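Data from structure_25.csv: CSV, C-alpha atoms and all ligand atoms
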chain,number,residue,atom,x,y,z
F,11,MET,CA,-14.1,-7.2,4.3
F,12,LEU,CA,-15.6,-4.0,5.8
F,13,CYS,CA,-15.8,-5.6,9.3
F,14,TRP,CA,-12.2,-6.7,9.0
F,15,LEU,CA,-11.0,-3.2,8.0
F,16,ILE,CA,-12.8,-1.6,11.0
F,17,CYS,CA,-11.1,-4.1,13.3
F,18,LEU,CA,-7.8,-3.6,11.7
F,19,VAL,CA,-7.8,0.2,12.0
F,20,GLY,CA,-8.8,-0.1,15.6
F,21,VAL,CA,-5.9,-2.5,16.5
F,22,HIS,CA,-3.0,-0.3,15.4
F,23,PHE,CA,-2.1,0.9,18.8
F,24,ARG,CA,-1.4,-2.7,19.8
F,25,ALA,CA,0.1,-3.9,16.5
F,26,PHE,CA,3.6,-5.4,16.7
F,27,SER,CA,6.0,-4.4,14.0
F,28,GLN,CA,8.1,-7.3,12.7
F,29,SER,CA,10.2,-7.3,9.6
F,30,THR,CA,11.5,-10.4,7.9
F,31,ILE,CA,13.9,-8.6,5.6
F,32,ASN,CA,14.5,-4.9,6.1
F,33,SER,CA,11.5,-2.7,6.9
F,34,ASN,CA,13.2,0.5,5.7
F,35,VAL,CA,13.8,-0.8,2.2
F,36,PHE,CA,12.0,-4.0,1.2
F,37,ALA,CA,10.0,-6.2,3.5
F,38,ALA,CA,8.1,-9.4,2.9
F,39,TYR,CA,5.7,-11.1,5.3
F,40,TYR,CA,4.2,-14.6,5.1
F,41,THR,CA,1.2,-16.1,6.7
F,42,GLY,CA,1.6,-19.4,8.5
F,43,ALA,CA,4.1,-18.0,11.1
F,44,GLY,CA,1.5,-17.8,13.9
F,45,PRO,CA,0.2,-14.3,14.4
F,46,VAL,CA,-3.2,-13.3,12.9
F,47,LEU,CA,-1.9,-9.8,12.2
F,48,THR,CA,1.7,-8.9,11.2
F,49,THR,CA,2.4,-5.2,10.7
F,50,ASP,CA,5.1,-3.3,8.8
F,51,GLN,CA,5.2,0.1,10.5
F,52,ARG,CA,7.2,3.2,9.2
F,53,VAL,CA,7.2,6.6,10.7
F,54,PHE,CA,7.2,9.9,8.9
F,55,ASP,CA,7.2,13.5,10.0
F,56,LEU,CA,5.1,15.3,7.3
F,57,PRO,CA,5.5,19.0,6.3
F,58,GLU,CA,2.8,21.6,7.0
F,59,ASN,CA,1.8,21.5,3.3
F,60,ALA,CA,1.4,17.7,3.1
F,61,THR,CA,-1.1,17.9,0.3
F,62,ASN,CA,1.8,19.0,-1.9
F,63,PHE,CA,3.4,15.6,-1.5
F,64,LEU,CA,2.6,12.0,-2.3
F,65,PHE,CA,3.6,8.7,-0.8
F,66,GLU,CA,5.3,6.5,-3.5
F,67,PHE,CA,6.1,2.8,-3.2
F,68,ASP,CA,5.8,-0.6,-4.8
F,69,PHE,CA,3.8,-3.4,-3.2
F,70,GLY,CA,2.5,-6.9,-4.0
F,71,PHE,CA,0.4,-9.7,-2.7
F,72,SER,CA,0.5,-13.4,-3.6
F,73,THR,CA,-1.6,-16.3,-2.4
F,74,ASP,CA,-2.6,-19.9,-2.8
F,75,GLU,CA,-6.1,-19.1,-1.5
F,76,VAL,CA,-9.1,-19.5,-3.8
F,77,VAL,CA,-12.3,-17.5,-3.9
F,78,THR,CA,-14.8,-19.3,-1.6
F,79,ASN,CA,-18.0,-18.2,0.0
F,80,SER,CA,-18.1,-17.2,3.7
F,81,VAL,CA,-14.3,-17.0,4.0
F,82,VAL,CA,-12.4,-13.9,5.2
F,83,PHE,CA,-9.4,-14.1,3.0
F,84,ASP,CA,-5.7,-13.4,3.9
F,85,SER,CA,-5.2,-9.7,3.1
F,86,TRP,CA,-2.5,-7.1,2.8
F,87,THR,CA,-3.7,-3.5,3.7
F,88,ALA,CA,-2.0,-0.1,3.6
F,89,THR,CA,-3.2,2.5,6.1
F,90,LEU,CA,-1.9,5.9,7.1
F,91,GLN,CA,-2.6,7.1,10.6
F,92,THR,CA,-1.5,10.1,12.7
F,93,THR,CA,0.3,9.0,15.9
F,94,ASN,CA,-2.4,10.6,18.0
F,95,GLY,CA,-5.0,8.4,16.2
F,96,GLU,CA,-7.2,11.3,15.1
F,97,SER,CA,-6.8,10.8,11.3
F,98,THR,CA,-6.7,7.6,9.4
F,99,VAL,CA,-7.0,6.8,5.7
F,100,VAL,CA,-7.1,3.3,4.2
F,101,TYR,CA,-5.3,3.4,0.8
F,102,LEU,CA,-5.8,-0.2,-0.4
F,103,THR,CA,-6.4,-3.8,0.6
F,104,ALA,CA,-5.4,-6.8,-1.5
F,105,ASP,CA,-6.6,-10.4,-1.3
F,106,VAL,CA,-7.3,-13.3,-3.6
F,107,THR,CA,-10.1,-11.3,-5.2
F,108,GLY,CA,-7.8,-8.5,-6.3
F,109,VAL,CA,-7.0,-5.0,-4.9
F,110,GLN,CA,-9.6,-2.6,-3.5
F,111,TRP,CA,-8.3,0.9,-3.9
F,112,ALA,CA,-9.4,3.3,-1.1
F,113,PRO,CA,-12.0,0.9,0.3
F,114,PRO,CA,-14.8,2.9,2.2
F,115,THR,CA,-14.2,2.3,5.9
F,116,PRO,CA,-16.2,3.9,8.7
F,117,GLY,CA,-14.1,6.2,11.0
F,118,THR,CA,-11.5,6.9,8.3
F,119,ILE,CA,-11.1,9.7,5.8
F,120,PRO,CA,-12.8,8.9,2.5
F,121,LEU,CA,-10.5,9.0,-0.5
F,122,ASP,CA,-11.5,9.0,-4.2
F,123,PRO,CA,-9.9,5.8,-5.6
F,124,SER,CA,-9.2,7.6,-8.9
F,125,LEU,CA,-6.6,9.8,-7.1
F,126,ILE,CA,-4.4,6.8,-6.5
F,127,PHE,CA,-2.0,6.3,-9.3
F,128,ARG,CA,-1.2,2.6,-9.9
F,129,GLN,CA,0.8,0.7,-12.5
F,130,PRO,CA,1.5,-3.0,-12.6
F,131,VAL,CA,5.1,-4.0,-12.0
F,132,ALA,CA,7.0,-7.3,-12.0
F,133,PHE,CA,6.6,-9.5,-9.0
F,134,PRO,CA,9.9,-10.1,-7.2
F,135,SER,CA,11.5,-13.5,-6.8
F,136,LEU,CA,10.1,-14.7,-3.5
F,137,GLU,CA,9.9,-18.3,-2.2
F,138,PRO,CA,7.6,-20.1,-2.0
F,139,VAL,CA,5.8,-19.2,-5.2
F,140,PHE,CA,2.0,-19.0,-4.8
F,141,ALA,CA,-0.7,-19.5,-7.5
F,142,GLN,CA,-1.9,-16.0,-7.8
F,143,ARG,CA,0.1,-12.8,-7.6
F,144,GLU,CA,-0.2,-9.1,-8.3
F,145,SER,CA,2.1,-6.1,-7.7
F,146,TYR,CA,2.0,-2.4,-8.4
F,147,HIS,CA,3.9,0.9,-8.4
F,148,VAL,CA,1.7,3.3,-6.5
F,149,SER,CA,1.5,7.0,-5.7
F,150,VAL,CA,-1.2,8.0,-3.1
F,151,PRO,CA,-2.3,11.5,-2.0
F,152,ILE,CA,-2.0,12.8,1.6
F,153,PRO,CA,-5.2,14.3,3.0
F,154,PRO,CA,-5.0,17.8,4.5
F,155,SER,CA,-5.5,16.6,8.1
F,156,PHE,CA,-2.1,14.9,8.0
F,157,SER,CA,-0.2,18.2,7.4
F,158,GLY,CA,2.5,18.8,10.1
F,159,GLN,CA,1.8,15.5,11.8
F,160,THR,CA,3.9,12.6,12.7
F,161,VAL,CA,2.3,9.6,11.0
F,162,ASN,CA,2.6,5.8,10.8
F,163,PHE,CA,2.4,4.1,7.5
F,164,TYR,CA,1.2,0.6,8.1
F,165,PHE,CA,1.1,-2.4,5.9
F,166,ASP,CA,-0.9,-5.2,7.7
F,167,LEU,CA,-0.9,-8.8,6.8
F,168,TYR,CA,-4.0,-10.6,8.0
F,169,ASP,CA,-3.7,-14.4,8.3
F,170,ASN,CA,-7.0,-16.3,8.4
F,171,LEU,CA,-5.0,-19.3,9.7
F,172,ASN,CA,-6.3,-21.7,7.1
F,173,SER,CA,-4.0,-24.1,5.2
F,174,PHE,CA,-3.5,-21.8,2.2
F,175,ASN,CA,-0.7,-19.3,2.6
F,176,SER,CA,0.0,-15.8,1.3
F,177,VAL,CA,2.8,-13.2,1.2
F,178,GLY,CA,2.6,-9.4,1.2
F,179,TRP,CA,5.6,-7.2,0.4
F,180,VAL,CA,6.3,-3.5,0.2
F,181,SER,CA,9.3,-1.6,-1.1
F,182,GLN,CA,10.9,1.5,0.4
F,183,ILE,CA,8.2,4.2,0.9
F,184,ASN,CA,9.1,7.7,-0.2
F,185,VAL,CA,7.5,11.1,0.3
F,186,VAL,CA,7.8,12.9,-3.0
F,187,ALA,CA,6.5,16.3,-4.2
F,188,VAL,CA,3.4,16.4,-6.4
F,189,PRO,CA,4.7,16.9,-9.9
F,190,GLU,CA,4.3,20.5,-11.1
F,191,PRO,CA,2.2,20.9,-14.2
F,192,ALA,CA,5.1,22.7,-15.9
F,193,SER,CA,7.4,19.8,-15.3
F,194,TRP,CA,4.7,17.4,-16.6
F,195,SER,CA,4.6,19.6,-19.8
F,196,LEU,CA,8.3,19.6,-20.1
F,197,GLY,CA,8.5,15.9,-19.7
F,198,LEU,CA,5.8,15.4,-22.3
F,199,ALA,CA,7.6,17.6,-24.7
F,200,ALA,CA,10.9,15.7,-24.2
F,201,LEU,CA,9.1,12.4,-24.8
F,202,THR,CA,7.5,13.8,-27.9
F,203,PHE,CA,10.8,14.9,-29.2
F,204,MET,CA,12.4,11.6,-28.4
F,205,PHE,CA,9.8,9.6,-30.3
F,206,TRP,CA,9.8,12.0,-33.2
F,207,LYS,CA,13.6,11.7,-33.4
F,208,ARG,CA,13.5,8.0,-33.2
F,209,ARG,CA,11.0,7.8,-36.1
F,210,LEU,CA,13.4,9.8,-38.2
F,211,LEU,CA,16.3,7.4,-37.5
F,301,CA,CA,-4.7,-18.3,4.6

Exercise: express the given structure as structure tokens:
Amino acid sequence: MLCWLICLVGVHFRAFSQSTINSNVFAAYYTGAGPVLTTDQRVFDLPENATNFLFEFDFGFSTDEVVTNSVVFDSWTATLQTTNGESTVVYLTADVTGVQWAPPTPGTIPLDPSLIFRQPVAFPSLEPVFAQRESYHVSVPIPPSFSGQTVNFYFDLYDNLNSFNSVGWVSQINVVAVPEPASWSLGLAALTFMFWKRRLL
């Protein structure tokens, strides 16, 4: 896995962006189409205070592969990189073994996996249906070195070219402000009131 991530990060300047649906809203990519690597690429101009913002999106991965020794599995990997290539962070990679959050990758910015908010969501209706599937709503932090930079947000589908296929998908990707503690408190107060009122009814 580690070797594969290093190769993947290094190949981005040559990656070909190809969307099968609509890369700006929802895109799904399937193995078996020929290329070893298929990339969803989205460009963002980040503000100077990028650490005050998060990337927010849904993603999922599904596969017919099974866990086998000595096999590099099909995978679906999210990476953020400045257009000058100086800063890179790997947010996650998913394969038949599950999701690795912020996998340590040489040459990239380390990220504490606990800083990635993730919540399971329903898998969309995609054909064909594969044996194993997982999907999440995710918010990821933006490291300081990305402030004021033009960046590429990549989702890469690696195809190991065996007979077992996979699909990776990603929703619209939004840049959202980090919630203020005050708004969290207000939201919590509103929820508390709502549940308290519901118990009285
Ligand atoms: Ca495969």

Selected residue, from F:Val177, F:Val185, F:Leu47, F:Leu171, that lies nearest to F:Thr61 when counting all atoms listed in the file: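 Counting all atoms listed in the file, the residue closest to F:Thr61 is F:Val185.
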
Write out as a compact mmCIF listing (two decimals) with C-alpha atoms, in the frame of the given file the residues lying within 6 Å of F:Val180, counting all atoms listed in the file and excluding same-chain residues fewer than 5 positions away.
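result.txt, freshly written:
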# COMPACT_ATOMS: atom_id res chain seq x y z
CA PHE F 36 12.00 -4.00 1.20
CA ALA F 37 10.00 -6.20 3.50
CA ASP F 68 5.80 -0.60 -4.80
CA PHE F 69 3.80 -3.40 -3.20

May I have a table of the residues of stretch 41-83 of chain F lying at most 12 Å from stretch 126-134 of chain F, giving each one's closest pair of atoms and their distance in Å to one decimal, counting all atoms listed in the file, ordered by chain and ascending residue number, as a tab-separated table?
residue	atom	partner	partner_atom	distance
F:Leu64	CA	F:Ile126	CA	9.7
F:Phe65	CA	F:Ile126	CA	10.0
F:Glu66	CA	F:Phe127	CA	9.3
F:Phe67	CA	F:Arg128	CA	9.9
F:Asp68	CA	F:Val131	CA	8.0
F:Phe69	CA	F:Phe133	CA	8.9
F:Gly70	CA	F:Phe133	CA	7.0
F:Phe71	CA	F:Phe133	CA	8.8
F:Ser72	CA	F:Phe133	CA	9.0

Residues within 9 Å of F:Ser155, only C-alpha atoms, excluding chain neighbours under 5 positions, as a VMD selection string: chain F and resid 60 92 96 to 97

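Neighbouring residues of ligand CA 301 (chain F) at a cut-off of 10 Å, counting all atoms listed in the file, are F:Tyr40, F:Thr41, F:Gly42, F:Val46, F:Thr73, F:Asp74, F:Glu75, F:Val76, F:Val81, F:Val82, F:Phe83, F:Asp84, F:Ser85, F:Val106, F:Tyr168, F:Asp169, F:Asn170, F:Leu171, F:Asn172, F:Ser173, F:Phe174, F:Asn175, F:Ser176, F:Val177.
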
Taking all atoms of stretch 154-169 of chain F that the file lists, what box with edges along x, y and z, padded by 5 Å per side, do you get, with centre and edge lengths in Å to one decimal, as JSON?
{"center_x": -0.8, "center_y": 2.2, "center_z": 8.6, "size_x": 19.4, "size_y": 43.2, "size_z": 18.2}

Distance in Å - atom CA of F:Trp179 versus atom CA of F:Thr160: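 According to the coordinates, atom CA of F:Trp179 and atom CA of F:Thr160 are separated by 23.4 Å.
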